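**Student:** Input structure: my_file_13.txt, which contains compact mmCIF, C-alpha atoms.
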# COMPACT_ATOMS: atom_id res chain seq x y z
CA MET O 1 -26.00 -16.49 57.12
CA ASP O 2 -23.39 -17.59 59.64
CA PHE O 3 -20.06 -15.79 59.48
CA ASP O 4 -16.67 -16.70 60.90
CA PHE O 5 -16.42 -13.19 62.31
CA ASP O 6 -18.77 -10.32 62.96
CA LEU O 7 -15.91 -8.00 62.04
CA PHE O 8 -12.62 -8.54 60.27
CA VAL O 9 -10.11 -5.67 60.40
CA ILE O 10 -7.28 -5.37 57.91
CA GLY O 11 -4.56 -3.28 59.52
CA GLY O 12 -3.14 -3.21 63.04
CA GLY O 13 -2.53 0.51 63.42
CA SER O 14 -4.18 2.89 65.85
CA GLY O 15 -7.51 3.13 64.02
CA GLY O 16 -7.90 -0.56 63.32
CA VAL O 17 -6.87 -1.63 66.81
CA ARG O 18 -9.29 0.82 68.45
CA ALA O 19 -12.18 -0.36 66.26
CA ALA O 20 -11.38 -4.02 66.93
CA ARG O 21 -11.08 -3.54 70.67
CA ILE O 22 -14.29 -1.57 71.10
CA ALA O 23 -16.28 -3.88 68.82
CA ALA O 24 -15.09 -6.94 70.75
CA SER O 25 -14.96 -5.75 74.36
CA GLU O 26 -17.90 -3.33 74.39
CA GLY O 27 -19.92 -4.45 71.39
CA GLY O 28 -19.76 -8.19 72.01
CA ALA O 29 -18.54 -8.88 68.47
CA LYS O 30 -16.38 -11.76 67.34
CA VAL O 31 -13.44 -9.96 65.76
CA GLY O 32 -10.46 -10.97 63.66
CA LEU O 33 -7.57 -8.68 62.72
CA ALA O 34 -4.76 -9.16 60.22
CA GLU O 35 -1.52 -7.15 60.20
CA GLU O 36 1.24 -7.95 57.73
CA SER O 37 3.94 -5.97 59.53
CA ARG O 38 4.26 -4.99 63.20
CA MET O 39 1.32 -4.34 65.48
CA GLY O 40 0.87 -0.66 66.20
CA GLY O 41 1.11 0.62 62.65
CA THR O 42 2.85 3.70 61.37
CA CYS O 43 2.44 5.84 64.48
CA VAL O 44 3.87 3.40 66.98
CA ILE O 45 6.45 1.60 64.87
CA ARG O 46 7.68 4.01 62.20
CA GLY O 47 6.09 7.37 62.88
CA CYS O 48 4.94 9.52 65.79
CA VAL O 49 6.48 7.60 68.69
CA PRO O 50 10.03 6.92 67.45
CA LYS O 51 10.09 10.35 65.80
CA LYS O 52 9.18 12.12 69.05
CA LEU O 53 11.86 10.18 70.91
CA MET O 54 14.36 11.34 68.29
CA VAL O 55 13.07 14.89 68.76
CA PHE O 56 13.78 14.59 72.49
CA ALA O 57 17.30 13.28 71.78
CA SER O 58 18.02 16.10 69.34
CA GLU O 59 17.07 18.80 71.87
CA TYR O 60 19.76 17.96 74.41
CA PRO O 61 22.68 19.90 72.82
CA ASP O 62 20.76 23.16 73.27
CA MET O 63 19.74 22.13 76.77
CA ILE O 64 23.37 21.47 77.68
CA ALA O 65 24.43 24.81 76.22
CA ASP O 66 21.67 26.53 78.20
CA ALA O 67 22.72 24.72 81.37
CA LYS O 68 26.26 26.05 80.96
CA ALA O 69 24.87 29.56 80.43
CA TYR O 70 22.96 29.17 83.70
CA GLY O 71 26.14 28.24 85.54
CA TRP O 72 26.14 24.46 85.49
CA ASP O 73 29.46 22.70 84.87
CA VAL O 74 28.35 20.31 82.14
CA GLN O 75 30.05 18.98 79.04
CA SER O 76 28.55 17.70 75.81
CA GLY O 77 29.95 14.76 73.91
CA PRO O 78 28.88 12.99 70.71
CA LEU O 79 25.64 11.06 70.67
CA ASP O 80 25.95 7.30 71.16
CA TRP O 81 23.65 6.58 68.23
CA ARG O 82 23.81 2.81 68.57
CA GLY O 83 22.99 3.02 72.26
CA PHE O 84 20.07 5.33 71.58
CA ARG O 85 18.81 3.16 68.72
CA SER O 86 18.94 0.07 70.92
CA LYS O 87 16.80 1.73 73.60
CA LEU O 88 14.44 3.05 70.92
CA GLU O 89 13.92 -0.42 69.45
CA ALA O 90 13.32 -1.85 72.93
CA GLU O 91 10.64 0.78 73.56
CA LEU O 92 8.92 -0.04 70.26
CA ASP O 93 8.97 -3.73 71.20
CA ARG O 94 7.34 -2.85 74.51
CA LEU O 95 4.61 -0.83 72.82
CA GLU O 96 3.94 -3.54 70.24
CA THR O 97 3.54 -6.08 73.04
CA ALA O 98 1.13 -3.73 74.79
CA TYR O 99 -0.96 -3.44 71.63
CA ARG O 100 -1.05 -7.22 71.26
CA ASN O 101 -2.02 -7.71 74.89
CA THR O 102 -4.80 -5.15 74.54
CA LEU O 103 -6.27 -7.05 71.60
CA LYS O 104 -5.85 -10.39 73.36
CA SER O 105 -7.59 -9.09 76.47
CA ALA O 106 -10.47 -7.86 74.34
CA GLY O 107 -10.84 -11.29 72.72
CA VAL O 108 -9.65 -10.28 69.24
CA THR O 109 -8.08 -13.02 67.13
CA VAL O 110 -4.87 -11.69 65.54
CA TYR O 111 -3.32 -12.99 62.34
CA ASP O 112 0.24 -11.92 61.54
CA ALA O 113 -0.30 -11.99 57.79
CA ARG O 114 -1.30 -9.87 54.85
CA ALA O 115 -5.00 -10.01 54.06
CA VAL O 116 -6.94 -9.05 50.94
CA VAL O 117 -10.65 -8.71 50.31
CA VAL O 118 -12.13 -11.46 48.15
CA ASP O 119 -15.78 -10.40 48.18
CA PRO O 120 -17.98 -8.13 50.33
CA HIS O 121 -17.97 -10.72 53.12
CA CYS O 122 -14.73 -12.63 52.68
CA VAL O 123 -11.01 -12.00 53.28
CA ARG O 124 -8.04 -14.16 52.33
CA LEU O 125 -4.73 -14.36 54.19
CA ALA O 126 -1.37 -14.72 52.46
CA ASP O 127 -1.23 -18.42 53.46
CA GLY O 128 -4.48 -19.08 51.58
CA ARG O 129 -6.86 -19.27 54.52
CA THR O 130 -10.17 -17.49 54.01
CA PHE O 131 -12.63 -16.12 56.54
CA SER O 132 -16.12 -14.81 56.18
CA ALA O 133 -17.16 -11.67 58.01
CA LYS O 134 -20.39 -9.71 58.33
CA HIS O 135 -18.38 -6.47 58.27
CA ILE O 136 -14.90 -5.70 56.94
CA LEU O 137 -12.90 -2.69 58.05
CA ILE O 138 -9.97 -1.38 55.99
CA ALA O 139 -7.42 0.34 58.22
CA THR O 140 -4.19 -0.10 56.27
CA GLY O 141 -2.92 3.47 56.67
CA GLY O 142 -0.49 5.12 54.29
CA ARG O 143 3.05 4.70 53.02
CA PRO O 144 5.85 7.08 52.03
CA PHE O 145 5.84 8.28 48.44
CA VAL O 146 9.02 8.69 46.40
CA PRO O 147 8.49 10.05 42.87
CA GLN O 148 10.11 8.51 39.82
CA PHE O 149 13.49 10.02 38.97
CA GLU O 150 16.97 8.82 38.11
CA GLY O 151 18.72 7.44 41.18
CA ARG O 152 15.64 7.21 43.40
CA GLU O 153 16.90 3.89 44.79
CA LEU O 154 19.67 5.81 46.58
CA ALA O 155 17.18 7.64 48.79
CA ILE O 156 15.58 6.40 51.99
CA THR O 157 12.22 7.33 53.53
CA SER O 158 10.95 7.93 57.05
CA ASN O 159 10.41 4.16 57.32
CA GLU O 160 14.16 3.55 57.29
CA ILE O 161 15.47 6.60 59.15
CA PHE O 162 15.07 4.95 62.57
CA HIS O 163 17.26 1.98 61.65
CA LEU O 164 20.46 3.65 60.42
CA ASP O 165 23.69 1.89 61.40
CA ALA O 166 25.32 5.27 61.95
CA LEU O 167 24.40 8.91 61.70
CA PRO O 168 25.53 10.64 58.50
CA LYS O 169 27.75 13.70 58.52
CA ARG O 170 25.80 15.37 55.68
CA ALA O 171 22.13 14.82 54.91
CA LEU O 172 19.68 16.09 52.33
CA VAL O 173 16.01 16.13 53.25
CA VAL O 174 13.67 16.46 50.28
CA GLY O 175 10.19 17.83 50.96
CA GLY O 176 8.58 20.74 52.73
CA GLY O 177 5.82 19.15 54.80
CA TYR O 178 5.84 18.47 58.51
CA ILE O 179 7.64 15.12 58.21
CA ALA O 180 10.48 16.58 56.13
CA SER O 181 10.81 19.65 58.31
CA GLU O 182 10.75 17.63 61.53
CA PHE O 183 13.50 15.29 60.35
CA ALA O 184 15.58 18.20 59.09
CA CYS O 185 15.46 19.60 62.63
CA ILE O 186 16.07 16.22 64.27
CA LEU O 187 19.16 15.47 62.19
CA ASN O 188 20.44 19.00 62.66
CA GLY O 189 20.04 18.67 66.42
CA LEU O 190 21.90 15.36 66.37
CA GLY O 191 24.91 17.08 64.81
CA VAL O 192 24.30 16.34 61.13
CA LYS O 193 24.89 19.07 58.52
CA VAL O 194 21.45 19.35 56.92
CA SER O 195 20.14 20.76 53.66
CA GLN O 196 16.44 20.78 52.82
CA TYR O 197 15.09 21.01 49.26
CA TYR O 198 11.49 21.98 48.67
CA ARG O 199 9.97 22.79 45.30
CA GLY O 200 7.42 25.23 46.78
CA ALA O 201 7.87 28.82 47.87
CA GLN O 202 7.87 28.11 51.62
CA ILE O 203 7.94 25.00 53.82
CA LEU O 204 4.92 23.77 55.81
CA ARG O 205 2.32 24.54 53.19
CA GLY O 206 -1.19 24.64 54.63
CA PHE O 207 -0.19 26.24 57.91
CA ASP O 208 -0.51 29.93 58.72
CA ASP O 209 1.95 31.90 56.57
CA GLU O 210 3.34 33.99 59.40
CA ALA O 211 3.76 30.93 61.63
CA ARG O 212 5.52 28.83 59.03
CA GLY O 213 7.75 31.72 58.08
CA HIS O 214 8.69 32.05 61.73
CA VAL O 215 9.60 28.35 61.88
CA ALA O 216 11.62 28.51 58.65
CA ASN O 217 13.59 31.54 59.81
CA GLN O 218 14.51 29.86 63.09
CA MET O 219 15.44 26.62 61.32
CA ALA O 220 17.79 28.59 59.07
CA ALA O 221 19.23 30.41 62.09
CA ASN O 222 19.86 27.00 63.68
CA GLY O 223 22.00 26.00 60.70
CA ILE O 224 19.65 24.19 58.32
CA ALA O 225 20.17 25.22 54.70
CA ILE O 226 16.64 25.52 53.32
CA HIS O 227 16.41 25.74 49.51
CA CYS O 228 12.88 26.59 48.39
CA GLY O 229 11.96 26.45 44.71
CA THR O 230 14.37 23.55 44.43
CA ASP O 231 13.89 19.87 43.67
CA VAL O 232 16.11 16.89 42.90
CA GLU O 233 16.64 16.15 39.24
CA ARG O 234 18.73 13.03 39.82
CA LEU O 235 20.88 11.26 42.38
CA GLU O 236 24.24 9.69 41.57
CA GLN O 237 26.44 7.34 43.59
CA VAL O 238 29.95 8.81 43.78
CA ALA O 239 33.07 8.04 45.75
CA GLY O 240 32.27 10.71 48.32
CA GLY O 241 28.67 9.66 48.88
CA ILE O 242 25.53 10.60 46.97
CA ARG O 243 25.59 13.50 44.54
CA ALA O 244 22.31 15.39 44.20
CA VAL O 245 21.78 17.31 40.99
CA ALA O 246 19.11 19.93 41.63
CA THR O 247 16.62 21.51 39.24
CA ASP O 248 18.32 24.88 39.76
CA GLY O 249 21.52 23.45 38.26
CA SER O 250 23.43 23.14 41.53
CA THR O 251 25.12 19.96 42.75
CA ALA O 252 26.06 18.84 46.24
CA GLU O 253 27.23 15.63 47.89
CA PHE O 254 25.60 13.97 50.88
CA ASP O 255 25.99 10.82 52.94
CA LEU O 256 22.21 10.34 53.19
CA VAL O 257 19.21 11.51 51.18
CA LEU O 258 15.85 11.33 52.95
CA TYR O 259 12.73 11.68 50.84
CA ALA O 260 9.69 12.99 52.69
CA THR O 261 7.56 14.24 49.83
CA GLY O 262 4.27 12.98 51.14
CA ARG O 263 2.42 9.75 51.83
CA VAL O 264 -0.21 7.88 49.85
CA PRO O 265 -3.02 5.56 50.99
CA ASN O 266 -1.90 1.96 51.32
CA VAL O 267 -4.45 0.23 49.10
CA ALA O 268 -2.38 -1.56 46.45
CA GLY O 269 -3.45 -5.16 45.90
CA LEU O 270 -6.24 -5.21 48.47
CA GLY O 271 -8.83 -6.09 45.83
CA LEU O 272 -11.13 -3.18 46.62
CA GLU O 273 -11.77 -1.70 43.18
CA ALA O 274 -12.94 -5.02 41.74
CA LEU O 275 -15.65 -5.12 44.41
CA GLY O 276 -16.95 -1.64 43.65
CA VAL O 277 -15.27 0.18 46.52
CA GLY O 278 -14.62 3.70 45.28
CA LEU O 279 -11.08 5.06 45.28
CA GLY O 280 -10.13 8.72 44.93
CA ARG O 281 -7.48 10.40 42.82
CA ARG O 282 -4.71 9.60 45.28
CA GLY O 283 -5.98 6.06 45.85
CA GLU O 284 -7.84 6.94 49.03
CA VAL O 285 -10.83 4.81 49.99
CA LEU O 286 -13.95 6.92 49.54
CA VAL O 287 -16.29 6.79 52.54
CA ASP O 288 -19.31 8.67 53.86
CA ASP O 289 -19.65 10.40 57.23
CA TRP O 290 -20.07 6.98 58.87
CA SER O 291 -16.81 5.64 57.32
CA GLN O 292 -18.86 3.35 55.06
CA THR O 293 -17.80 2.66 51.47
CA ALA O 294 -20.02 2.13 48.43
CA VAL O 295 -20.09 -1.56 49.41
CA PRO O 296 -22.33 -1.58 52.52
CA SER O 297 -20.42 -4.28 54.40
CA ILE O 298 -17.01 -2.61 53.90
CA TYR O 299 -15.83 0.36 55.96
CA ALA O 300 -12.53 2.25 56.16
CA VAL O 301 -10.86 4.50 58.74
CA GLY O 302 -7.61 6.33 59.19
CA ASP O 303 -5.01 7.51 56.70
CA VAL O 304 -6.24 5.10 54.03
CA THR O 305 -9.25 7.42 53.66
CA ASP O 306 -7.03 10.53 53.40
CA ARG O 307 -9.38 12.71 55.45
CA ILE O 308 -7.25 14.13 58.26
CA ASN O 309 -4.11 12.03 58.49
CA LEU O 310 -3.44 12.17 62.21
CA THR O 311 -3.33 9.27 64.66
CA PRO O 312 -5.92 10.68 67.10
CA VAL O 313 -8.30 11.20 64.18
CA ALA O 314 -7.90 7.57 63.10
CA ILE O 315 -8.62 6.49 66.68
CA ARG O 316 -11.78 8.64 66.78
CA GLU O 317 -12.92 7.24 63.42
CA GLY O 318 -12.32 3.65 64.54
CA HIS O 319 -14.17 4.23 67.80
CA ALA O 320 -17.09 5.94 66.04
CA PHE O 321 -17.36 3.02 63.61
CA ALA O 322 -17.47 0.46 66.42
CA ASP O 323 -20.00 2.50 68.38
CA THR O 324 -22.26 2.83 65.36
CA VAL O 325 -22.11 -0.71 64.00
CA PHE O 326 -21.69 -2.82 67.14
CA ARG O 327 -22.90 -0.78 70.10
CA GLY O 328 -26.02 0.78 68.58
CA ILE O 329 -24.75 4.30 69.27
CA ALA O 330 -24.87 6.24 66.01
CA THR O 331 -21.66 8.28 66.01
CA LYS O 332 -19.92 10.34 63.37
CA ALA O 333 -16.26 11.22 63.80
CA ASP O 334 -15.88 14.96 64.28
CA HIS O 335 -13.35 16.38 61.82
CA ASP O 336 -13.98 20.04 62.66
CA LEU O 337 -11.36 22.09 64.50
CA VAL O 338 -8.71 19.40 64.93
CA ALA O 339 -5.52 20.73 66.50
CA SER O 340 -2.11 19.67 65.24
CA ALA O 341 1.53 20.08 66.19
CA VAL O 342 4.69 20.11 64.11
CA PHE O 343 7.68 18.99 66.16
CA THR O 344 10.22 21.16 64.44
CA GLN O 345 12.65 23.29 66.41
CA PRO O 346 10.89 25.54 67.24
CA GLU O 347 7.59 23.65 67.52
CA LEU O 348 4.45 24.82 65.78
CA GLY O 349 1.00 24.26 67.27
CA SER O 350 -2.10 25.13 65.28
CA ILE O 351 -5.88 24.92 65.38
CA GLY O 352 -8.55 26.46 63.21
CA LEU O 353 -8.22 28.98 60.41
CA SER O 354 -4.98 30.53 59.27
CA GLU O 355 -4.90 34.27 58.74
CA GLU O 356 -5.08 33.70 54.99
CA ALA O 357 -8.14 31.43 55.20
CA ALA O 358 -9.90 33.77 57.61
CA ARG O 359 -9.42 36.73 55.28
CA GLU O 360 -11.18 34.76 52.54
CA ALA O 361 -14.03 33.87 54.89
CA GLY O 362 -14.90 37.41 55.96
CA PRO O 363 -13.90 40.37 58.17
CA CYS O 364 -11.38 39.38 60.81
CA GLU O 365 -8.89 40.74 63.29
CA ILE O 366 -5.38 39.43 63.85
CA TYR O 367 -3.73 39.54 67.26
CA ALA O 368 -0.08 38.57 67.41
CA ALA O 369 2.94 38.86 69.67
CA SER O 370 6.53 37.89 68.93
CA PHE O 371 9.13 37.99 71.67
CA ARG O 372 12.25 36.38 73.07
CA PRO O 373 11.25 33.96 75.85
CA MET O 374 12.81 34.42 79.27
CA ARG O 375 14.55 31.05 79.47
CA SER O 376 16.58 31.24 76.26
CA LEU O 377 16.99 35.02 76.49
CA PHE O 378 18.85 34.60 79.78
CA ALA O 379 21.02 31.94 78.14
CA GLY O 380 21.94 34.36 75.34
CA ARG O 381 20.08 32.69 72.51
CA GLN O 382 18.14 34.64 69.91
CA ASP O 383 15.07 32.37 69.76
CA LYS O 384 11.72 34.10 69.31
CA VAL O 385 8.22 32.89 70.14
CA LEU O 386 5.08 33.71 68.16
CA MET O 387 1.58 33.75 69.64
CA LYS O 388 -1.28 34.46 67.26
CA LEU O 389 -5.07 34.61 67.42
CA VAL O 390 -7.39 34.91 64.41
CA VAL O 391 -10.70 36.51 65.45
CA CYS O 392 -14.00 36.92 63.58
CA ALA O 393 -14.78 40.65 63.55
CA SER O 394 -18.55 40.17 63.86
CA THR O 395 -19.01 37.21 66.25
CA ARG O 396 -15.71 37.80 68.14
CA ARG O 397 -15.09 34.05 68.09
CA VAL O 398 -11.49 32.93 68.01
CA LEU O 399 -11.30 31.19 64.64
CA GLY O 400 -7.67 30.16 64.85
CA CYS O 401 -4.77 29.93 67.22
CA HIS O 402 -1.14 29.49 66.14
CA ILE O 403 1.82 29.10 68.48
CA VAL O 404 5.50 28.82 67.56
CA GLY O 405 7.93 28.12 70.36
CA PRO O 406 9.01 25.56 72.96
CA ASN O 407 6.23 23.16 73.94
CA ALA O 408 3.83 24.64 71.38
CA GLY O 409 2.27 21.20 71.01
CA GLU O 410 1.43 21.09 74.70
CA MET O 411 0.01 24.62 74.67
CA ILE O 412 -2.14 24.18 71.57
CA GLN O 413 -3.89 21.16 73.11
CA LEU O 414 -5.19 23.38 75.91
CA ALA O 415 -5.99 26.33 73.63
CA ALA O 416 -7.88 23.92 71.37
CA ILE O 417 -10.44 23.26 74.10
CA ALA O 418 -11.35 26.93 74.23
CA VAL O 419 -11.45 27.29 70.45
CA LYS O 420 -13.54 24.14 70.10
CA MET O 421 -16.00 25.48 72.69
CA GLY O 422 -16.44 28.67 70.67
CA ALA O 423 -14.57 31.04 72.98
CA THR O 424 -14.51 34.69 72.00
CA LYS O 425 -11.59 37.09 72.14
CA GLU O 426 -13.24 38.62 75.19
CA ASP O 427 -13.30 35.18 76.88
CA PHE O 428 -9.55 35.03 76.38
CA ASP O 429 -9.21 38.60 77.69
CA ARG O 430 -11.21 37.81 80.85
CA THR O 431 -8.83 34.98 81.69
CA VAL O 432 -6.18 36.07 84.18
CA ALA O 433 -2.65 35.46 82.94
CA VAL O 434 -0.33 32.94 84.55
CA HIS O 435 2.92 34.83 85.05
CA PRO O 436 5.70 34.46 84.12
CA THR O 437 4.89 32.09 81.22
CA MET O 438 5.03 32.25 77.45
CA SER O 439 1.39 31.30 77.13
CA GLU O 440 0.18 34.33 79.09
CA GLU O 441 0.54 36.29 75.85
CA LEU O 442 -2.57 34.48 74.59
CA VAL O 443 -4.69 36.39 77.12
CA THR O 444 -2.86 39.73 77.19
CA MET O 445 -2.99 40.80 73.51
CA ARG O 446 -5.39 43.74 73.59
CA LYS O 447 -5.02 45.47 70.23
CA PRO O 448 -5.17 43.82 66.80
CA VAL O 449 -2.08 44.11 64.64
CA ARG O 450 -4.13 43.77 61.45
CA ILE O 451 -7.81 44.21 60.58
CA PHE O 452 -9.37 42.90 57.37
When written as structure tokens, how does the structure in this file appear?
**Tutor:**
Amino acid sequence: MDFDFDLFVIGGGSGGVRAARIAASEGGAKVGLAEESRMGGTCVIRGCVPKKLMVFASEYPDMIADAKAYGWDVQSGPLDWRGFRSKLEAELDRLETAYRNTLKSAGVTVYDARAVVVDPHCVRLADGRTFSAKHILIATGGRPFVPQFEGRELAITSNEIFHLDALPKRALVVGGGYIASEFACILNGLGVKVSQYYRGAQILRGFDDEARGHVANQMAANGIAIHCGTDVERLEQVAGGIRAVATDGSTAEFDLVLYATGRVPNVAGLGLEALGVGLGRRGEVLVDDWSQTAVPSIYAVGDVTDRINLTPVAIREGHAFADTVFRGIATKADHDLVASAVFTQPELGSIGLSEEAAREAGPCEIYAASFRPMRSLFAGRQDKVLMKLVVCASTRRVLGCHIVGPNAGEMIQLAAIAVKMGATKEDFDRTVAVHPTMSEELVTMRKPVRIF
């Protein structure tokens, strides 16, 4: 059977673009790709990239204060939000153009339209055009989730936070995951009075307890009012802004309410279930180790599969798919020991097992050091850094590494190489420290603080 395309990709995010590019440029495939919004997907347009730029912007008040403490004659004024937003939007335009040029150079045909799956070998665009394809790849990512409650229309999500006309004076961030916690820190750093509601016992669930407690304590010390065990019962529009009525009976007024209570796979209306593609409890597309669904010609990668929802993972999955199907190189995406970073203030970098998970797995040793780093100590700030290693008592392998402090994301990337290679505690110990640095603590912790 002749097909219009060897591969048709639905979704122009990081995973879909990587799969399309490799299949076309290195696999010799004829590839089509449909994206209903902007090319680049969540990460580039409404996620990682603009968020990190906002993180950078929010860090300057502390930098200016530190500069004054070091003797520099500098003054801090209010943020020109509109000026910053204009530059941010220009950068996103530049990145979107780069993504489009990459696909064009690879020979991928791009359709700026929504696409749905009609049958195992056919997709239909919003304008009614249909195309046949030997293989179809679903790479539609995820979307923010706002639960049903009275007044939910008054809240915004992370999709809208980058496009505010002006910064609010008072903001409520609802949620305790990394997105909620990051935006609480960003807004706080930009001069907004921030409250954070989370229904759980502690923010950043899933990360090492000691590390997330360290982050939460520093966030509170920085002025963020964290209310755990608290959720929104309803929101009301009032003359002074938005009134939040909480489940603990308290009320407070805000100028902005940001909901960051999780994301769900973006599968609505794609036509997958009718074809026999399995969907999980949260709507995620069910795939095997090769990213293949129950329908042999249909594959899925990235957040829509709800495996590990990180951009680099989606890229690896898309690349592995293209290698396997179009380059004859059987490749499974490796989901073991994936490092991550939370760009709160302070940052949290993590790879491998938490202390709690390691204790369940078997005998382990915990090495940890908490200290005030030289740079902020000299400036008179009370910030503290945490360095932590989780070690298997029998094999001596480092099972987990957790860092809280400035540039933790940069440090954990390097530590992840050692952990991924199976380094032992003694390998760390044999490594000569780089002094004076924060990261030298990773190779100078000689005695465990806890043994289980």
**Student:** By how many Å are atom CA of Ile10 of chain O and atom CA of Tyr99 of chain O apart?
**Tutor:**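 Those two atoms sit 15.2 Å apart.
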**Student:** If I put a ball of radius 6 Å at (16.8, 4.6, 57.4) in the file's coordinates, which residues poke into it when counting only C-alpha atoms, written as an NGL selection string?
**Tutor:** :O and (156 or 160-164)
**Student:** Could you jot down the atom CA of Gly269 of chain O to atom CA of Tyr111 of chain O separation for me, Å, one decimal place?
**Tutor:**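 Rounded to one decimal, the two atoms are 18.2 Å apart.
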**Student:** Would you mind reading off the distance between atom CA of Leu103 of chain O and atom CA of Ile22 of chain O, one decimal, in Å?
**Tutor:**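 For atom CA of Leu103 of chain O relative to atom CA of Ile22 of chain O, the distance reads 9.7 Å.
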**Student:** Nearest to Ala294 of chain O: which of O:Gly278, O:Gly71, O:Pro312, O:Gly16 is it, counting only C-alpha atoms?
**Tutor:** O:Gly278
**Student:** Tell me, as a list of chain:residue names, which residues lie within 8 Å of Asp429 of chain O, counting all atoms listed in the file; anything in the same chain fewer than 4 positions away does not count.
**Tutor:**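 My list of contacting residues is O:Lys425, O:Val443, O:Thr444, O:Met445, O:Arg446.
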**Student:** Would you mind telling me which residue in O:Ala180, O:Val325, O:Ala98, O:Val116 lies nearest to Ala20 of chain O when using only C-alpha atoms?
**Tutor:**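 Closest candidate: O:Val325.
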**Student:** I'd like to know which of O:Ile298, O:Leu270, O:Ile226, O:Ala133 is closest to Gly176 of chain O, using only C-alpha atoms.
**Tutor:**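 So, comparing all the options, the nearest one is O:Ile226.
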**Student:** Of the candidates O:Val194, O:Val304, O:Ile412, O:Leu187, which shows the shortest atom-to-atom distance to Val287 of chain O, using only C-alpha atoms?
**Tutor:**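 Ranked by minimum distance to Val287 of chain O, first place goes to O:Val304.
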**Student:** Sorted by chain and rising residue number, which residues of segment 141-241 of chain O lie within 12 Å of segment 399-405 of chain O, and what are their closest atom pairs and distances in Å to one decimal, counting only C-alpha atoms, as JSON lines?
**Tutor:**
{"residue": "O:Phe207", "atom": "CA", "partner": "O:His402", "partner_atom": "CA", "distance": 8.9}
{"residue": "O:Asp208", "atom": "CA", "partner": "O:His402", "partner_atom": "CA", "distance": 7.5}
{"residue": "O:Asp209", "atom": "CA", "partner": "O:His402", "partner_atom": "CA", "distance": 10.3}
{"residue": "O:Glu210", "atom": "CA", "partner": "O:His402", "partner_atom": "CA", "distance": 9.3}
{"residue": "O:Ala211", "atom": "CA", "partner": "O:Val404", "partner_atom": "CA", "distance": 6.5}
{"residue": "O:Arg212", "atom": "CA", "partner": "O:Val404", "partner_atom": "CA", "distance": 8.5}
{"residue": "O:Gly213", "atom": "CA", "partner": "O:Val404", "partner_atom": "CA", "distance": 10.2}
{"residue": "O:His214", "atom": "CA", "partner": "O:Val404", "partner_atom": "CA", "distance": 7.4}
{"residue": "O:Val215", "atom": "CA", "partner": "O:Val404", "partner_atom": "CA", "distance": 7.0}
{"residue": "O:Ala216", "atom": "CA", "partner": "O:Val404", "partner_atom": "CA", "distance": 10.8}
{"residue": "O:Asn217", "atom": "CA", "partner": "O:Val404", "partner_atom": "CA", "distance": 11.5}
{"residue": "O:Gln218", "atom": "CA", "partner": "O:Gly405", "partner_atom": "CA", "distance": 10.0}
{"residue": "O:Met219", "atom": "CA", "partner": "O:Gly405", "partner_atom": "CA", "distance": 11.8}
**Student:** Closest to Gly200 of chain O among O:Gly223, O:Gly77, O:Gly175, O:Pro373, using all atoms listed in the file?
**Tutor:**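 With all atoms listed in the file as the atom set, the closest residue is O:Gly175.
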**Student:** Using all atoms listed in the file for the distances, tell me which of O:Asp66, O:Glu35, O:Glu360, O:Glu233 is nearest to Glu96 of chain O.
**Tutor:** O:Glu35
**Student:** Counting all atoms listed in the file, note down every residue that has an atom within 10 Å of the point (-0.7, 19.6, 60.1) (file coordinates), as an mmCIF file with C-alpha atoms, in the coordinates of the input.
**Tutor:**
data_model
loop_
_atom_site.group_PDB
_atom_site.id
_atom_site.type_symbol
_atom_site.label_atom_id
_atom_site.label_comp_id
_atom_site.auth_asym_id
_atom_site.auth_seq_id
_atom_site.Cartn_x
_atom_site.Cartn_y
_atom_site.Cartn_z
ATOM 1 C CA GLY O 177 5.820 19.150 54.800
ATOM 2 C CA TYR O 178 5.840 18.470 58.510
ATOM 3 C CA ILE O 179 7.640 15.120 58.210
ATOM 4 C CA LEU O 204 4.920 23.770 55.810
ATOM 5 C CA ARG O 205 2.320 24.540 53.190
ATOM 6 C CA GLY O 206 -1.190 24.640 54.630
ATOM 7 C CA PHE O 207 -0.190 26.240 57.910
ATOM 8 C CA ILE O 308 -7.250 14.130 58.260
ATOM 9 C CA ASN O 309 -4.110 12.030 58.490
ATOM 10 C CA LEU O 310 -3.440 12.170 62.210
ATOM 11 C CA VAL O 338 -8.710 19.400 64.930
ATOM 12 C CA ALA O 339 -5.520 20.730 66.500
ATOM 13 C CA SER O 340 -2.110 19.670 65.240
ATOM 14 C CA ALA O 341 1.530 20.080 66.190
ATOM 15 C CA VAL O 342 4.690 20.110 64.110
ATOM 16 C CA LEU O 348 4.450 24.820 65.780
ATOM 17 C CA GLY O 349 1.000 24.260 67.270
ATOM 18 C CA SER O 350 -2.100 25.130 65.280
ATOM 19 C CA ILE O 351 -5.880 24.920 65.380
#
